[in-house]
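start_14.txt follows; it contains compact mmCIF, C-alpha atoms and all ligand atoms.
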# COMPACT_ATOMS: atom_id res chain seq x y z
CA MET A 20 0.00 0.00 0.00
CA SER A 21 1.22 3.49 -0.80
CA TRP A 22 0.92 6.50 1.46
CA GLU A 23 -0.93 8.16 -1.40
CA GLU A 24 -3.98 5.98 -0.80
CA ASN A 25 -4.59 7.95 2.40
CA VAL A 26 -4.31 11.36 0.84
CA ARG A 27 -7.48 13.44 0.69
CA LYS A 28 -7.68 14.05 -3.04
CA VAL A 29 -9.75 16.74 -4.64
CA VAL A 30 -9.94 18.47 -7.99
CA PRO A 31 -9.46 22.07 -6.88
CA TYR A 32 -11.50 25.11 -7.81
CA THR A 33 -9.89 27.17 -10.56
CA PRO A 34 -10.00 30.86 -9.74
CA GLY A 35 -10.11 33.41 -12.54
CA GLU A 36 -6.72 34.39 -13.85
CA GLN A 37 -4.85 37.29 -12.19
CA PRO A 38 -2.48 38.23 -15.01
CA LYS A 39 0.82 39.88 -14.20
CA ILE A 40 0.81 42.12 -17.27
CA ASN A 41 -0.35 45.72 -17.03
CA ASN A 42 -2.53 47.44 -19.60
CA ILE A 43 -5.01 44.66 -19.88
CA ILE A 44 -8.71 45.17 -19.42
CA LYS A 45 -9.59 42.71 -16.70
CA LEU A 46 -13.24 41.70 -16.87
CA ASN A 47 -12.85 38.12 -15.64
CA THR A 48 -13.30 37.98 -11.85
CA ASN A 49 -16.09 40.46 -11.06
CA GLU A 50 -13.87 42.85 -9.18
CA CYS A 51 -14.97 46.46 -8.81
CA PRO A 52 -13.33 48.80 -11.35
CA TYR A 53 -13.33 51.64 -8.83
CA PRO A 54 -11.14 51.98 -5.73
CA PRO A 55 -12.37 51.16 -2.22
CA ALA A 56 -14.02 53.95 -0.20
CA PRO A 57 -11.89 56.94 0.88
CA SER A 58 -12.66 55.90 4.48
CA VAL A 59 -10.66 52.73 3.80
CA LYS A 60 -7.70 54.78 2.58
CA ARG A 61 -7.80 56.88 5.73
CA ALA A 62 -7.94 53.78 7.94
CA MET A 63 -4.99 52.34 6.03
CA ASP A 64 -2.96 55.52 6.45
CA SER A 65 -3.55 55.57 10.18
CA PHE A 66 -3.06 51.82 10.68
CA GLU A 67 -0.55 51.25 13.46
CA TYR A 68 2.03 48.97 11.96
CA GLU A 69 3.49 48.14 15.35
CA THR A 70 0.26 46.33 16.31
CA LEU A 71 1.06 43.63 13.75
CA ARG A 72 3.24 41.88 16.32
CA LEU A 73 0.10 41.04 18.30
CA TYR A 74 -2.50 38.44 17.37
CA PRO A 75 -5.77 39.97 16.20
CA ASP A 76 -9.00 39.73 18.19
CA PRO A 77 -10.14 36.12 17.66
CA ASN A 78 -13.76 37.28 17.92
CA SER A 79 -13.32 39.93 15.21
CA GLY A 80 -15.24 42.25 17.53
CA SER A 81 -14.65 45.58 15.78
CA LEU A 82 -15.70 44.31 12.37
CA ILE A 83 -18.70 42.43 13.71
CA SER A 84 -19.86 45.43 15.68
CA ALA A 85 -19.56 47.68 12.60
CA LEU A 86 -21.60 45.13 10.59
CA SER A 87 -24.09 44.92 13.44
CA ASP A 88 -24.65 48.70 13.40
CA TYR A 89 -24.79 48.93 9.62
CA TYR A 90 -27.21 46.06 9.02
CA ASN A 91 -29.05 46.40 12.32
CA VAL A 92 -28.44 42.75 13.24
CA PRO A 93 -27.28 41.67 16.72
CA SER A 94 -23.58 40.77 16.92
CA ASP A 95 -24.28 37.19 17.93
CA GLN A 96 -26.08 36.69 14.63
CA ILE A 97 -23.04 37.62 12.51
CA PHE A 98 -20.08 35.50 11.45
CA VAL A 99 -17.05 36.79 9.52
CA GLY A 100 -14.42 35.02 7.46
CA VAL A 101 -11.56 35.35 5.01
CA GLY A 102 -13.77 36.22 2.07
CA SER A 103 -17.15 34.59 1.68
CA ASP A 104 -15.29 31.57 0.31
CA ASP A 105 -14.02 30.95 3.84
CA VAL A 106 -17.48 31.57 5.31
CA LEU A 107 -19.10 29.21 2.81
CA SER A 108 -16.47 26.53 3.27
CA MET A 109 -16.94 26.68 7.04
CA ALA A 110 -20.72 26.52 6.56
CA PHE A 111 -20.41 23.40 4.35
CA LEU A 112 -18.25 21.78 7.03
CA THR A 113 -20.61 22.76 9.84
CA PHE A 114 -24.07 22.29 8.39
CA PHE A 115 -23.88 19.71 5.63
CA ASN A 116 -23.35 16.47 7.53
CA SER A 117 -26.22 14.36 6.23
CA ASP A 118 -26.08 11.14 4.20
CA LYS A 119 -28.67 12.74 1.95
CA PRO A 120 -27.38 14.92 -0.90
CA ILE A 121 -27.21 18.67 -0.61
CA LEU A 122 -28.88 20.49 -3.51
CA PHE A 123 -27.64 23.32 -5.70
CA PRO A 124 -28.22 24.42 -9.31
CA ASP A 125 -26.32 22.72 -12.16
CA ILE A 126 -25.16 26.12 -13.38
CA THR A 127 -23.83 28.00 -10.37
CA TYR A 128 -20.75 29.04 -8.44
CA SER A 129 -18.24 26.33 -9.32
CA PHE A 130 -16.81 26.19 -5.81
CA TYR A 131 -19.86 24.38 -4.33
CA ASP A 132 -19.09 20.97 -5.83
CA VAL A 133 -15.42 21.38 -4.87
CA TRP A 134 -16.24 21.91 -1.17
CA ALA A 135 -18.74 19.04 -1.31
CA ASP A 136 -16.02 16.78 -2.76
CA LEU A 137 -13.43 18.01 -0.27
CA TYR A 138 -15.67 17.30 2.73
CA LYS A 139 -17.19 14.15 1.16
CA ILE A 140 -20.68 15.60 1.21
CA PRO A 141 -23.05 13.90 -1.26
CA TYR A 142 -24.66 16.40 -3.63
CA LYS A 143 -27.17 16.65 -6.41
CA GLN A 144 -27.04 19.37 -9.03
CA ILE A 145 -30.53 20.52 -9.95
CA PRO A 146 -30.85 21.68 -13.57
CA LEU A 147 -31.97 25.26 -14.10
CA ASP A 148 -34.74 25.57 -16.69
CA GLU A 149 -33.86 26.54 -20.27
CA ASP A 150 -33.97 30.23 -19.33
CA PHE A 151 -31.50 29.53 -16.49
CA ARG A 152 -34.21 30.01 -13.88
CA ILE A 153 -34.39 28.05 -10.62
CA LYS A 154 -37.45 25.77 -10.53
CA LYS A 155 -38.44 25.90 -6.89
CA GLU A 156 -40.42 22.63 -6.98
CA ASP A 157 -37.17 20.78 -7.72
CA TYR A 158 -36.02 21.69 -4.21
CA TYR A 159 -38.97 19.99 -2.51
CA ILE A 160 -37.21 16.59 -2.52
CA GLU A 161 -35.50 15.04 0.49
CA ASN A 162 -32.03 16.49 0.92
CA GLY A 163 -29.18 17.24 3.31
CA GLY A 164 -29.15 21.01 2.75
CA VAL A 165 -29.66 23.63 0.07
CA ILE A 166 -27.38 26.34 -1.30
CA PHE A 167 -27.80 28.77 -4.17
CA PRO A 168 -26.52 32.23 -5.01
CA ASN A 169 -28.99 35.07 -5.44
CA PRO A 170 -28.36 36.70 -7.88
CA ASN A 171 -27.07 33.45 -9.35
CA ALA A 172 -23.56 33.27 -10.74
CA PRO A 173 -22.57 33.07 -13.52
CA THR A 174 -26.05 33.71 -14.97
CA GLY A 175 -26.62 37.04 -13.19
CA LEU A 176 -30.32 36.27 -12.71
CA VAL A 177 -32.00 37.27 -9.47
CA GLU A 178 -34.97 35.44 -7.94
CA ASP A 179 -37.52 37.31 -5.85
CA LEU A 180 -37.84 36.85 -2.11
CA ASP A 181 -41.08 34.90 -2.51
CA MET A 182 -39.15 32.18 -4.26
CA VAL A 183 -36.40 32.18 -1.63
CA GLU A 184 -39.06 31.95 1.08
CA ASP A 185 -40.88 29.16 -0.74
CA ILE A 186 -37.66 27.12 -0.77
CA LEU A 187 -37.24 27.83 2.94
CA GLN A 188 -40.80 26.76 3.73
CA ASN A 189 -40.21 23.48 1.96
CA ASN A 190 -36.82 22.85 3.58
CA ASN A 191 -37.25 23.51 7.28
CA GLU A 192 -35.34 20.36 8.31
CA VAL A 193 -32.03 21.36 6.72
CA VAL A 194 -29.85 24.44 6.57
CA VAL A 195 -30.53 26.69 3.57
CA ILE A 196 -27.68 28.99 2.49
CA VAL A 197 -28.32 31.99 0.24
CA ASP A 198 -25.04 33.25 -1.23
CA GLU A 199 -25.60 36.97 -1.82
CA ALA A 200 -22.21 37.93 -3.27
CA TYR A 201 -23.97 40.19 -5.83
CA ILE A 202 -27.05 41.36 -3.92
CA ASP A 203 -25.90 45.01 -3.82
CA PHE A 204 -26.28 45.17 -7.61
CA GLY A 205 -29.92 44.08 -7.70
CA GLY A 206 -32.64 42.16 -5.95
CA LYS A 207 -33.79 41.95 -2.36
CA SER A 208 -31.65 40.43 0.35
CA ALA A 209 -33.02 37.50 2.32
CA LEU A 210 -31.55 39.10 5.45
CA PRO A 211 -34.97 40.03 6.98
CA LEU A 212 -35.94 36.34 6.78
CA ILE A 213 -33.33 35.25 9.33
CA ASP A 214 -35.71 36.20 12.15
CA LYS A 215 -38.37 33.93 10.71
CA TYR A 216 -36.22 30.95 9.70
CA GLU A 217 -33.73 29.61 12.22
CA ASN A 218 -32.13 27.44 9.48
CA LEU A 219 -31.35 30.28 7.04
CA LEU A 220 -27.79 31.52 6.52
CA VAL A 221 -27.32 34.63 4.36
CA VAL A 222 -23.76 35.11 3.10
CA GLN A 223 -22.31 38.34 1.70
CA THR A 224 -18.89 39.77 0.84
CA PHE A 225 -16.90 43.00 0.55
CA SER A 226 -15.12 41.62 -2.54
CA LYS A 227 -17.49 42.78 -5.25
CA SER A 228 -19.64 45.78 -4.33
CA ARG A 229 -17.15 47.17 -1.80
CA ALA A 230 -14.07 46.90 -4.04
CA MET A 231 -12.14 44.96 -1.42
CA ALA A 232 -11.44 41.58 -3.01
CA GLY A 233 -7.79 41.97 -2.06
CA MET A 234 -8.66 42.25 1.63
CA ARG A 235 -10.63 38.97 1.82
CA ILE A 236 -13.65 39.80 3.96
CA GLY A 237 -16.89 37.84 3.92
CA PHE A 238 -19.72 37.61 6.42
CA ALA A 239 -22.89 35.73 7.21
CA PHE A 240 -26.13 36.47 9.02
CA GLY A 241 -28.27 33.85 10.68
CA SER A 242 -30.01 32.80 13.86
CA LYS A 243 -28.01 32.91 17.06
CA LYS A 244 -27.94 29.13 17.07
CA LEU A 245 -26.65 28.84 13.51
CA ILE A 246 -23.91 31.42 14.11
CA GLY A 247 -22.99 29.66 17.36
CA TYR A 248 -22.41 26.37 15.51
CA LEU A 249 -20.34 28.17 12.87
CA ASN A 250 -18.17 29.72 15.56
CA ASP A 251 -17.65 26.34 17.24
CA ALA A 252 -16.36 24.93 13.94
CA LYS A 253 -14.24 28.00 13.23
CA PHE A 254 -12.58 27.94 16.65
CA SER A 255 -11.82 24.26 16.09
CA PHE A 256 -10.09 25.12 12.85
CA ASN A 257 -8.27 28.44 13.16
CA SER A 258 -8.97 31.02 15.88
CA TYR A 259 -7.39 33.94 14.05
CA THR A 260 -8.99 34.00 10.63
CA MET A 261 -9.28 37.77 10.31
CA ASN A 262 -6.05 39.73 10.40
CA ARG A 263 -5.70 43.16 11.96
CA PRO A 264 -5.79 45.19 8.74
CA SER A 265 -8.94 43.32 7.60
CA LEU A 266 -10.68 44.07 10.87
CA GLU A 267 -9.87 47.77 10.68
CA LEU A 268 -10.31 48.40 6.97
CA GLY A 269 -13.40 46.23 6.85
CA ALA A 270 -15.08 48.28 9.55
CA ALA A 271 -13.92 51.48 7.82
CA THR A 272 -15.64 50.70 4.50
CA LEU A 273 -19.03 50.66 6.23
CA ALA A 274 -18.53 54.25 7.38
CA ASP A 275 -18.89 55.68 3.87
CA LYS A 276 -22.39 54.82 2.76
CA GLU A 277 -22.54 57.56 0.18
CA TYR A 278 -19.47 56.39 -1.73
CA PHE A 279 -20.79 52.84 -1.65
CA ASN A 280 -24.19 53.81 -3.05
CA GLU A 281 -22.55 55.93 -5.72
CA THR A 282 -20.20 53.14 -6.83
CA CYS A 283 -22.99 50.57 -7.02
CA SER A 284 -25.19 53.01 -8.98
CA ARG A 285 -22.39 53.67 -11.43
CA ILE A 286 -21.83 49.98 -12.08
CA ILE A 287 -25.55 49.37 -12.49
CA ALA A 288 -25.83 52.33 -14.91
CA THR A 289 -22.92 51.01 -16.98
CA ARG A 290 -24.46 47.52 -17.01
CA GLU A 291 -27.78 48.85 -18.26
CA ARG A 292 -26.03 50.96 -20.92
CA VAL A 293 -24.03 47.94 -22.17
CA LYS A 294 -26.99 45.55 -22.41
CA PRO A 295 -28.56 47.05 -25.58
CA LEU A 296 -25.12 47.48 -27.16
CA LEU A 297 -24.40 43.76 -26.74
CA ALA A 298 -27.87 42.88 -28.02
CA GLU A 299 -27.29 45.02 -31.13
CA LEU A 300 -24.14 43.02 -31.85
CA GLY A 301 -26.11 39.76 -31.79
CA PHE A 302 -25.47 38.66 -28.22
CA VAL A 303 -28.15 37.02 -26.10
CA PHE A 304 -27.99 36.97 -22.32
CA PRO A 305 -30.10 36.52 -19.22
CA ASP A 306 -31.13 39.88 -17.78
CA SER A 307 -28.35 40.46 -15.26
CA SER A 308 -28.92 41.95 -11.81
CA SER A 309 -25.25 41.64 -10.90
CA ASN A 310 -21.95 43.27 -11.86
CA PHE A 311 -21.45 40.99 -14.87
CA ILE A 312 -23.29 39.88 -17.99
CA PHE A 313 -23.39 36.23 -19.07
CA ALA A 314 -23.62 36.42 -22.85
CA LYS A 315 -23.34 34.24 -25.92
CA HIS A 316 -23.33 35.25 -29.55
CA LYS A 317 -26.02 33.99 -31.93
CA THR A 318 -23.46 32.74 -34.47
CA VAL A 319 -19.85 33.17 -33.31
CA SER A 320 -18.50 30.61 -30.83
CA GLY A 321 -17.71 31.55 -27.25
CA LYS A 322 -14.22 30.10 -27.53
CA LYS A 323 -13.42 32.21 -30.58
CA ILE A 324 -14.67 35.44 -29.02
CA PHE A 325 -12.81 34.66 -25.79
CA GLU A 326 -9.53 34.16 -27.64
CA GLU A 327 -9.97 37.15 -29.94
CA LEU A 328 -10.68 39.38 -26.95
CA ARG A 329 -7.65 38.00 -25.18
CA SER A 330 -5.40 38.77 -28.12
CA ARG A 331 -6.67 42.36 -27.85
CA GLY A 332 -5.82 42.52 -24.15
CA ILE A 333 -9.34 42.02 -22.82
CA ILE A 334 -9.85 39.13 -20.44
CA VAL A 335 -13.28 37.68 -19.69
CA ARG A 336 -14.29 34.36 -18.12
CA ARG A 337 -15.42 31.23 -19.93
CA TRP A 338 -16.10 27.66 -18.77
CA ASP A 339 -15.83 24.55 -20.89
CA LEU A 340 -18.86 23.02 -19.19
CA PRO A 341 -22.11 21.50 -20.47
CA ARG A 342 -24.82 24.03 -21.37
CA ILE A 343 -22.60 27.11 -20.94
CA SER A 344 -19.53 26.60 -23.14
CA GLU A 345 -20.75 29.22 -25.66
CA TYR A 346 -21.15 31.83 -22.94
CA LEU A 347 -18.75 34.49 -21.72
CA ARG A 348 -19.07 36.06 -18.31
CA ILE A 349 -18.15 39.68 -18.73
CA THR A 350 -17.54 41.77 -15.61
CA ILE A 351 -18.89 45.33 -15.73
CA GLY A 352 -15.85 47.63 -15.79
CA THR A 353 -15.67 51.40 -16.17
CA ASP A 354 -17.59 53.04 -19.02
CA GLU A 355 -14.35 53.49 -20.87
CA GLN A 356 -13.39 49.82 -20.50
CA MET A 357 -16.80 48.73 -21.68
CA ASP A 358 -16.56 51.01 -24.73
CA THR A 359 -13.23 49.37 -25.61
CA LEU A 360 -14.86 45.97 -25.17
CA ILE A 361 -17.77 46.89 -27.44
CA SER A 362 -15.40 48.17 -30.16
CA ALA A 363 -13.39 44.96 -29.96
CA LEU A 364 -16.55 42.85 -30.15
CA LYS A 365 -17.67 44.83 -33.22
CA GLU A 366 -14.49 43.74 -34.99
CA ILE A 367 -14.75 40.14 -33.83
CA VAL A 368 -18.39 39.38 -34.63
C1 LIG B 401 -17.08 35.95 -5.76
C2 LIG B 401 -18.03 34.98 -5.16
C3 LIG B 401 -17.84 34.45 -3.89
C4 LIG B 401 -16.58 34.60 -3.09
O1 LIG B 401 -16.18 35.82 -2.86
P1 LIG B 401 -15.08 36.17 -1.75
O2 LIG B 401 -14.11 37.01 -2.48
O3 LIG B 401 -14.48 34.89 -1.24
O4 LIG B 401 -15.85 36.88 -0.72
C5 LIG B 401 -18.82 33.63 -3.35
N1 LIG B 401 -19.91 33.32 -4.05
C6 LIG B 401 -20.12 33.76 -5.29
C7 LIG B 401 -21.34 33.38 -6.00
C8 LIG B 401 -19.18 34.59 -5.89
O5 LIG B 401 -19.36 35.00 -7.14
Hey, can you dump this file as C-alpha cells for me?
Amino acid sequence: MSWEENVRKVVPYTPGEQPKINNIIKLNTNECPYPPAPSVKRAMDSFEYETLRLYPDPNSGSLISALSDYYNVPSDQIFVGVGSDDVLSMAFLTFFNSDKPILFPDITYSFYDVWADLYKIPYKQIPLDEDFRIKKEDYYIENGGVIFPNPNAPTGLVEDLDMVEDILQNNNEVVVIVDEAYIDFGGKSALPLIDKYENLLVVQTFSKSRAMAGMRIGFAFGSKKLIGYLNDAKFSFNSYTMNRPSLELGAATLADKEYFNETCSRIIATRERVKPLLAELGFVFPDSSSNFIFAKHKTVSGKKIFEELRSRGIIVRRWDLPRISEYLRITIGTDEQMDTLISALKEIV
C-alpha cells in the first residue's frame, strides 16, 4: 500500500486568472473597477504597523460590531471570514453532515461541488430551466441542505424573495444557504428572513460591491444558534482567521455609505447601458442583476470570441462546461473599458 492511498484528493477550484501584465482590461473575476471607499484609505494611512506583532481579536469584535450597526443585526447573529469563500467553506463543514445529498443548481458558483467533494458531502445538481431560472419545486425533494446564489452566478439572474421563502418553507429540516455575493447590484436580500427561519444563513462579501477583493472579507447572518455552531467549527479550525488590517479596513468601509451607493449606482448604470449594445451586436444573455453579464453570440463561438478578446488585451471568463460553453461572463468595468470591449466585439463578430 502506498501513502498516497490515504491522501485526501480533490480536484481544486480554478480561480479566474490574475495576469501579471499591465494594460489589460480585466473583466474576468467580477472585481470592482473603482477603488475602495476613501474611508478605507484613511484607515490604512492611520493603521498602526506596530500592532502587527500582536494576534488579532479572535472574535473579530470591531468588524462584527460595525456590521451589526450597519445592518441592524445583533452581533451574535453575525459570522465573519476570510472572504465569503471561507465563510461558505466553514458553513459546508458545519451544516452539511447528512447522508442525503445537498442540492444546488447545475449552473452556479463552481466552488460548491469542490467543497462538497473536499468534505465528502453527497450532492445533487438541480438543472436550471432553459432560461437559467431556478425551478423551486425541484427543491422539494429530500435532501441534506440547500445552497444557491442570489443573484445566481454566472447567470446574473435574481430570484424574488417569494421564491427564496418558498424554498425555505419546503426545507425547514435542513440548513438553507443563500449566497448573496452580488445582492448590492440588484434584488432583495433574504436578510430580513433570518428572524423567521432559524435554518437560514445569508452570506455576503466586501469583494465585489465594496471593491475589497484583495482584503478577503466575507460575512454571514443567521439565527443565534446557527452562528454559534459556525463559531464552534471555526474555533476548532483556526482562531485567528481575520487579520488586523482586515478588521480595521473592513469596519472602515461601512462608514462611507454615500461612496458605496454611488459606486454601485455607477456599475448598475454602466451595465444597463451595455446591455442594448451587446444585443445590437447579436449577443443574447439573461437579464443580469449583478456586476457581470453572461452572454453568448447567436453565431460566433464563445471560444473564438474569448480568444480574440484576449489577443486584444481584454480578459473575460469562460467555462468549458455543459450548457454554458458558448457563454462568456463579462464583468462590468468602467464606461471606458466597456466602450473598448464593445469596439473589440464589433471587430470580432
Ligand atoms: C465571488 C463569489 C464568492 C466569493 O467571494 P469572496 O471574495 O471569497 O468573498 C462567493 N460566491 C459567489 C457566488 C461569488 O461569485
Subject >> Expected answer as a ChimeraX atom specification: residues within 6 Å of ligand LIG 401 (chain B), all atoms listed in the file >> reply: /A:102-104,128,168,172,198,200,224,226,232,235-237
Subject >> Option closest in space to Asn250 (chain A), from A:Asn49, A:Ser265, A:Thr113, A:Thr353 [counting only C-alpha atoms] >> reply: A:Thr113
Original post:
Within 8 Å of Lys155 (chain A), counting all atoms listed in the file, which residues qualify if same-chain residues fewer than 6 places away don't, as a PyMOL selection string?
Top reply: chain A and resi 182+185-186
Subject >> Contacts of Phe238 (chain A) within 8 Å, all atoms listed in the file, excl. fewer than 6 positions in-chain, as a PyMOL selection string >> reply: chain A and resi 97-100+102-103+106+222-224
**OP:** Find the spatial neighbours of Asp125 (chain A), counting all atoms listed in the file, within a cut-off of 6 Å - ignore same-chain residues fewer than 6 positions away - and output them as an MDAnalysis selection string.
**Re:** chainID A and resid 144:146
Original post:
Smallest atom-to-atom distance to Val59 (chain A): which of A:Met231, A:Leu73, A:Leu364, A:Val26, using all atoms listed in the file?
Top reply: A:Met231
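The coordinates place CA of Gly301 (chain A) at 14.8 Å from CA of Lys323 (chain A).
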Original post:
At most 7 Å from (-33.3, 12.5, 1.4), file frame, all atoms listed in the file: which residues, as a list of chain:residue names?
Top reply: A:Lys119, A:Pro120, A:Ile160, A:Glu161, A:Asn162, A:Gly163
Original post:
So which residues fall inside 9 Å of (-16.2, 19.8, 2.0) if we count all atoms listed in the file? Mind giving them as a list in words?
Top reply: Ser108, Met109, Phe111, Leu112, Phe115, Tyr131, Asp132, Val133, Trp134, Ala135, Asp136, Leu137, Tyr138, Lys139 and Ile140 of chain A
Original post:
Which of these residues is nearest to Leu46 (chain A), using only C-alpha atoms: A:Trp338, A:Phe167, A:Tyr259, A:Phe325?
Top reply: A:Phe325
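For the residues A:Ile83, A:Ala270, A:Leu180, A:Leu340, ranking by smallest atom-to-atom distance to Ala239 (chain A) using all atoms listed in the file places A:Ile83 first.
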**OP:** Would you mind reading off the distance between CA of Gly241 (chain A) and CA of Ile213 (chain A), one decimal, in Å?
**Re:** 5.4 Å
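Here CA of Arg285 (chain A) and CA of Lys207 (chain A) stand 18.7 Å from one another.
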Subject >> Which residue of A:Leu273, A:Arg27, A:Asn280, A:Leu122 approaches Ser87 (chain A) most closely, using all atoms listed in the file >> reply: A:Leu273
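Each of A:Val165, A:Ala363, A:Ala288, A:Leu296 was checked against Glu192 (chain A) using only C-alpha atoms; the smallest atom-to-atom distance is that of A:Val165.
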**OP:** Please provide as a list in words all residues within 10 Å of Asp214 (chain A), with the sequence filter that same-chain residues fewer than 2 positions apart are discarded (counting all atoms listed in the file).
**Re:** Val92, Gln96, Leu210, Pro211, Leu212, Tyr216, Glu217, Asn218, Leu219, Gly241, Ser242 and Lys243 of chain A
Give me the residues of region 111-174 of chain A that have any atom at most 10 Å from an atom of region 303-320 of chain A; for each, the nearest atom pair and the distance in Å, rounded to one decimal. Use all atoms listed in the file, sort by chain and number, and format it as a tab-separated table.
residue	atom	partner	partner_atom	distance
A:Asp150	CA	A:Pro305	CA	7.4
A:Phe151	CA	A:Pro305	CA	7.6
A:Arg152	CA	A:Pro305	CA	9.4
A:Asn169	CA	A:Ser309	CA	9.3
A:Pro170	CA	A:Ser309	CA	6.6
A:Asn171	CA	A:Ser309	CA	8.5
A:Ala172	CA	A:Ser309	CA	8.5
A:Pro173	CA	A:Phe313	CA	6.4
A:Thr174	CA	A:Phe313	CA	5.5
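Excluding Asp275 (chain A) and any residue on its chain fewer than 2 positions from it, the residues at most 8 Å away by all atoms listed in the file are Ala56, Pro57, Ser58, Ala271, Thr272, Leu273, Glu277, Tyr278 and Phe279 of chain A.
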Completion step: region 154-161 of chain A with all heavy atoms as a PDB file, in the coordinates of the input:
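Output file rebuild_0.pdb follows:
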ATOM      1  N   LYS A 154     -36.079  26.286 -10.663  1.00  0.00           N
ATOM      2  CA  LYS A 154     -37.450  25.770 -10.530  1.00  0.00           C
ATOM      3  C   LYS A 154     -37.619  25.342  -9.072  1.00  0.00           C
ATOM      4  O   LYS A 154     -37.078  24.339  -8.645  1.00  0.00           O
ATOM      5  CB  LYS A 154     -37.671  24.576 -11.467  1.00  0.00           C
ATOM      6  CG  LYS A 154     -37.731  24.989 -12.939  1.00  0.00           C
ATOM      7  CD  LYS A 154     -38.030  23.797 -13.842  1.00  0.00           C
ATOM      8  CE  LYS A 154     -36.776  22.945 -14.061  1.00  0.00           C
ATOM      9  NZ  LYS A 154     -37.047  21.686 -14.798  1.00  0.00           N
ATOM     10  N   LYS A 155     -38.398  26.103  -8.336  1.00  0.00           N
ATOM     11  CA  LYS A 155     -38.440  25.900  -6.890  1.00  0.00           C
ATOM     12  C   LYS A 155     -38.936  24.515  -6.489  1.00  0.00           C
ATOM     13  O   LYS A 155     -38.484  23.941  -5.513  1.00  0.00           O
ATOM     14  CB  LYS A 155     -39.242  27.008  -6.197  1.00  0.00           C
ATOM     15  CG  LYS A 155     -40.683  27.159  -6.637  1.00  0.00           C
ATOM     16  CD  LYS A 155     -41.311  28.327  -5.891  1.00  0.00           C
ATOM     17  CE  LYS A 155     -42.810  28.393  -5.996  1.00  0.00           C
ATOM     18  NZ  LYS A 155     -43.350  28.735  -7.312  1.00  0.00           N
ATOM     19  N   GLU A 156     -39.852  23.951  -7.302  1.00  0.00           N
ATOM     20  CA  GLU A 156     -40.420  22.630  -6.980  1.00  0.00           C
ATOM     21  C   GLU A 156     -39.322  21.559  -6.939  1.00  0.00           C
ATOM     22  O   GLU A 156     -39.450  20.557  -6.238  1.00  0.00           O
ATOM     23  CB  GLU A 156     -41.468  22.211  -8.028  1.00  0.00           C
ATOM     24  CG  GLU A 156     -42.669  23.155  -8.140  1.00  0.00           C
ATOM     25  CD  GLU A 156     -42.362  24.409  -8.964  1.00  0.00           C
ATOM     26  OE1 GLU A 156     -41.341  24.411  -9.688  1.00  0.00           O
ATOM     27  OE2 GLU A 156     -43.113  25.394  -8.838  1.00  0.00           O
ATOM     28  N   ASP A 157     -38.264  21.769  -7.695  1.00  0.00           N
ATOM     29  CA  ASP A 157     -37.170  20.780  -7.720  1.00  0.00           C
ATOM     30  C   ASP A 157     -36.452  20.690  -6.378  1.00  0.00           C
ATOM     31  O   ASP A 157     -35.699  19.747  -6.140  1.00  0.00           O
ATOM     32  CB  ASP A 157     -36.141  21.141  -8.796  1.00  0.00           C
ATOM     33  CG  ASP A 157     -36.703  21.014 -10.198  1.00  0.00           C
ATOM     34  OD1 ASP A 157     -37.814  20.463 -10.334  1.00  0.00           O
ATOM     35  OD2 ASP A 157     -36.039  21.458 -11.150  1.00  0.00           O
ATOM     36  N   TYR A 158     -36.692  21.674  -5.516  1.00  0.00           N
ATOM     37  CA  TYR A 158     -36.020  21.690  -4.210  1.00  0.00           C
ATOM     38  C   TYR A 158     -36.927  21.148  -3.104  1.00  0.00           C
ATOM     39  O   TYR A 158     -36.642  21.311  -1.930  1.00  0.00           O
ATOM     40  CB  TYR A 158     -35.523  23.105  -3.883  1.00  0.00           C
ATOM     41  CG  TYR A 158     -34.389  23.530  -4.805  1.00  0.00           C
ATOM     42  CD1 TYR A 158     -34.656  23.986  -6.098  1.00  0.00           C
ATOM     43  CD2 TYR A 158     -33.054  23.406  -4.410  1.00  0.00           C
ATOM     44  CE1 TYR A 158     -33.620  24.322  -6.969  1.00  0.00           C
ATOM     45  CE2 TYR A 158     -32.024  23.739  -5.269  1.00  0.00           C
ATOM     46  CZ  TYR A 158     -32.313  24.207  -6.547  1.00  0.00           C
ATOM     47  OH  TYR A 158     -31.291  24.533  -7.410  1.00  0.00           O
ATOM     48  N   TYR A 159     -38.063  20.546  -3.505  1.00  0.00           N
ATOM     49  CA  TYR A 159     -38.970  19.990  -2.510  1.00  0.00           C
ATOM     50  C   TYR A 159     -38.597  18.552  -2.124  1.00  0.00           C
ATOM     51  O   TYR A 159     -39.215  17.966  -1.264  1.00  0.00           O
ATOM     52  CB  TYR A 159     -40.432  19.990  -3.022  1.00  0.00           C
ATOM     53  CG  TYR A 159     -41.015  21.379  -3.287  1.00  0.00           C
ATOM     54  CD1 TYR A 159     -42.275  21.510  -3.887  1.00  0.00           C
ATOM     55  CD2 TYR A 159     -40.336  22.536  -2.935  1.00  0.00           C
ATOM     56  CE1 TYR A 159     -42.830  22.759  -4.138  1.00  0.00           C
ATOM     57  CE2 TYR A 159     -40.882  23.788  -3.193  1.00  0.00           C
ATOM     58  CZ  TYR A 159     -42.128  23.895  -3.797  1.00  0.00           C
ATOM     59  OH  TYR A 159     -42.679  25.120  -4.053  1.00  0.00           O
ATOM     60  N   ILE A 160     -37.589  17.983  -2.786  1.00  0.00           N
ATOM     61  CA  ILE A 160     -37.210  16.590  -2.520  1.00  0.00           C
ATOM     62  C   ILE A 160     -36.385  16.483  -1.238  1.00  0.00           C
ATOM     63  O   ILE A 160     -35.843  17.482  -0.751  1.00  0.00           O
ATOM     64  CB  ILE A 160     -36.408  15.995  -3.703  1.00  0.00           C
ATOM     65  CG1 ILE A 160     -35.159  16.859  -4.007  1.00  0.00           C
ATOM     66  CG2 ILE A 160     -37.284  15.881  -4.935  1.00  0.00           C
ATOM     67  CD1 ILE A 160     -34.207  16.256  -5.011  1.00  0.00           C
ATOM     68  N   GLU A 161     -36.305  15.283  -0.718  1.00  0.00           N
ATOM     69  CA  GLU A 161     -35.500  15.040   0.490  1.00  0.00           C
ATOM     70  C   GLU A 161     -34.048  15.410   0.216  1.00  0.00           C
ATOM     71  O   GLU A 161     -33.510  15.098  -0.852  1.00  0.00           O
ATOM     72  CB  GLU A 161     -35.577  13.553   0.835  1.00  0.00           C
ATOM     73  CG  GLU A 161     -36.298  13.302   2.143  1.00  0.00           C
ATOM     74  CD  GLU A 161     -35.917  11.956   2.733  1.00  0.00           C
ATOM     75  OE1 GLU A 161     -35.764  10.989   1.966  1.00  0.00           O
ATOM     76  OE2 GLU A 161     -35.757  11.894   3.955  1.00  0.00           O
TER      77      GLU A 161
END
